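Undergrad: work_34.cif is the file, holding mmCIF, C-alpha atoms:
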data_my_file
loop_
_atom_site.group_PDB
_atom_site.id
_atom_site.type_symbol
_atom_site.label_atom_id
_atom_site.label_comp_id
_atom_site.auth_asym_id
_atom_site.auth_seq_id
_atom_site.Cartn_x
_atom_site.Cartn_y
_atom_site.Cartn_z
ATOM 1 C CA MET A 1 -25.105 26.151 -5.836
ATOM 2 C CA SER A 2 -21.972 24.489 -7.087
ATOM 3 C CA GLN A 3 -21.937 20.848 -8.101
ATOM 4 C CA GLU A 4 -19.389 20.167 -5.360
ATOM 5 C CA ASN A 5 -21.905 20.990 -2.618
ATOM 6 C CA THR A 6 -24.737 18.906 -4.077
ATOM 7 C CA SER A 7 -22.856 15.733 -4.985
ATOM 8 C CA ARG A 8 -22.359 12.907 -2.515
ATOM 9 C CA PRO A 9 -18.796 12.076 -1.480
ATOM 10 C CA LEU A 10 -17.100 9.110 -3.091
ATOM 11 C CA GLU A 11 -17.541 5.915 -1.082
ATOM 12 C CA VAL A 12 -14.907 3.195 -1.051
ATOM 13 C CA ALA A 13 -14.742 -0.186 0.657
ATOM 14 C CA CYS A 14 -12.413 -0.401 3.648
ATOM 15 C CA PRO A 15 -9.513 -2.597 2.486
ATOM 16 C CA GLN A 16 -9.644 -4.536 5.755
ATOM 17 C CA CYS A 17 -13.329 -5.130 6.578
ATOM 18 C CA ARG A 18 -15.045 -3.988 3.322
ATOM 19 C CA LYS A 19 -17.336 -1.508 5.177
ATOM 20 C CA LYS A 20 -18.306 1.500 3.016
ATOM 21 C CA VAL A 21 -16.261 4.603 3.867
ATOM 22 C CA ALA A 22 -16.807 8.192 2.698
ATOM 23 C CA TRP A 23 -13.676 9.559 0.996
ATOM 24 C CA ILE A 24 -13.604 12.939 2.738
ATOM 25 C CA GLU A 25 -10.897 15.012 4.418
ATOM 26 C CA ASP A 26 -12.546 14.582 7.810
ATOM 27 C CA ASN A 27 -11.918 10.827 7.694
ATOM 28 C CA LEU A 28 -8.401 10.616 9.115
ATOM 29 C CA HIS A 29 -8.194 6.866 8.489
ATOM 30 C CA ARG A 30 -9.230 6.781 4.828
ATOM 31 C CA PRO A 31 -9.346 4.488 2.941
ATOM 32 C CA PHE A 32 -9.903 2.542 6.169
ATOM 33 C CA CYS A 33 -13.035 2.843 8.282
ATOM 34 C CA SER A 34 -11.190 3.051 11.600
ATOM 35 C CA LYS A 35 -7.822 3.183 13.312
ATOM 36 C CA ARG A 36 -8.238 -0.515 14.153
ATOM 37 C CA CYS A 37 -8.565 -1.541 10.490
ATOM 38 C CA LYS A 38 -5.643 0.701 9.570
ATOM 39 C CA LEU A 39 -3.413 -0.937 12.208
ATOM 40 C CA LEU A 40 -4.514 -4.456 11.235
ATOM 41 C CA ASP A 41 -3.486 -3.721 7.648
ATOM 42 C CA LEU A 42 -0.136 -2.287 8.760
ATOM 43 C CA GLY A 43 0.479 -5.412 10.842
ATOM 44 C CA ALA A 44 -0.242 -7.631 7.819
ATOM 45 C CA TRP A 45 2.411 -5.744 5.813
ATOM 46 C CA ALA A 46 4.861 -5.953 8.737
ATOM 47 C CA ASP A 47 4.546 -9.729 9.090
ATOM 48 C CA GLU A 48 4.627 -10.088 5.276
ATOM 49 C CA SER A 49 1.083 -11.451 4.953
ATOM 50 C CA HIS A 50 0.564 -8.699 2.350
ATOM 51 C CA ARG A 51 3.077 -8.599 -0.487
ATOM 52 C CA ILE A 52 3.512 -6.895 -3.817
ATOM 53 C CA ALA A 53 3.538 -9.474 -6.601
ATOM 54 C CA GLY A 54 6.760 -9.925 -8.535
ATOM 55 C CA GLU A 55 10.120 -11.563 -8.414
ATOM 56 C CA PRO A 56 11.798 -11.812 -5.018
ATOM 57 C CA ALA A 57 14.133 -8.977 -4.137
ATOM 58 C CA MET A 58 17.866 -9.570 -4.435
ATOM 59 C CA ASP A 59 19.857 -9.854 -1.252
ATOM 60 C CA GLU A 60 23.095 -7.933 -0.653
ATOM 61 C CA THR A 61 25.303 -10.833 -1.795
ATOM 62 C CA ASP A 62 23.526 -11.041 -5.171
ATOM 63 C CA ILE A 63 23.804 -7.280 -5.642
ATOM 64 C CA ASP A 64 27.535 -7.283 -4.794
ATOM 65 C CA GLU A 65 28.171 -10.125 -7.272
ATOM 66 C CA MET A 66 26.210 -8.335 -9.992
ATOM 67 C CA ILE A 67 28.221 -5.129 -9.441
ATOM 68 C CA MET A 68 31.537 -6.998 -9.535
ATOM 69 C CA ARG A 69 30.576 -8.757 -12.801
ATOM 70 C CA ALA A 70 29.491 -5.459 -14.335
ATOM 71 C CA GLU A 71 32.748 -3.789 -13.334
ATOM 72 C CA ARG A 72 34.712 -6.617 -14.978
ATOM 73 C CA GLY A 73 32.528 -6.446 -18.082
ATOM 74 C CA GLN A 74 31.120 -9.955 -17.609
ATOM 75 C CA GLU A 75 27.428 -9.084 -17.888
#
Output the structure of this file as structure tokens.
TA:
Amino acid sequence: MSQENTSRPLEVACPQCRKKVAWIEDNLHRPFCSKRCKLLDLGAWADESHRIAGEPAMDETDIDEMIMRAERGQE
């Protein structure tokens, strides 16, 4: 027997509810435990409850000003 068949699948915690989830191809919602948890997480990103840490993104006005300064050699 190969080691693949005898080893247990990796288990991860659902990012939403922390329930243990088997990391297998048959789990269509991985790393989430269910469609519900997957949609709750998506909603949190959509309403900006979840964010990636870092400096705020520049808006279009800031980008346009930066390009104009660079073109004039004022950087």
Undergrad: Could you check how far CA of Arg8 (chain A) sits from CA of Ala22 (chain A), in Å to one decimal?
TA: 9.0 Å
Undergrad: So how far away is CA of Ser34 (chain A) from CA of Glu11 (chain A), in Å?
TA: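 Answer for the CA of Glu11 (chain A) to CA of Ser34 (chain A) separation: 14.5 Å.
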Undergrad: What separation in Å, quoted to one decimal, exists between CA of Cys33 (chain A) and CA of Gly54 (chain A)?
TA: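 If I compute the distance from CA of Cys33 (chain A) to CA of Gly54 (chain A), I get 28.9 Å.
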Undergrad: Taking all atoms listed in the file into account, which of A:Ala70, A:Ala53, A:Ile63, A:Cys37 comes nearest Pro15 (chain A)?
TA: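 Ranked by minimum distance to Pro15 (chain A), first place goes to A:Cys37.
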Undergrad: I'd like the contact shell of Val12 (chain A) - 7 Å cut-off, all atoms listed in the file, skipping same-chain residues fewer than 3 positions apart - returned as a ChimeraX atom specification.
TA: /A:20-23,31
Undergrad: Mind working out the centre and edge lengths of an axis-aligned box for region 60-67 of chain A, all listed atoms inside, 4 Å added to each side, rounded to one decimal in Å and written as lines of an AutoDock Vina configuration file?
TA:
center_x = 25.7
center_y = -8.1
center_z = -5.3
size_x = 13.1
size_y = 13.9
size_z = 17.3
Undergrad: If you apply the PyMOL selection byres ((chain A and resi 16) around 9) to this file, what residues do you get, as a ChimeraX atom specification?
TA: /A:13-15,17-19,32-33,37-38,40-41
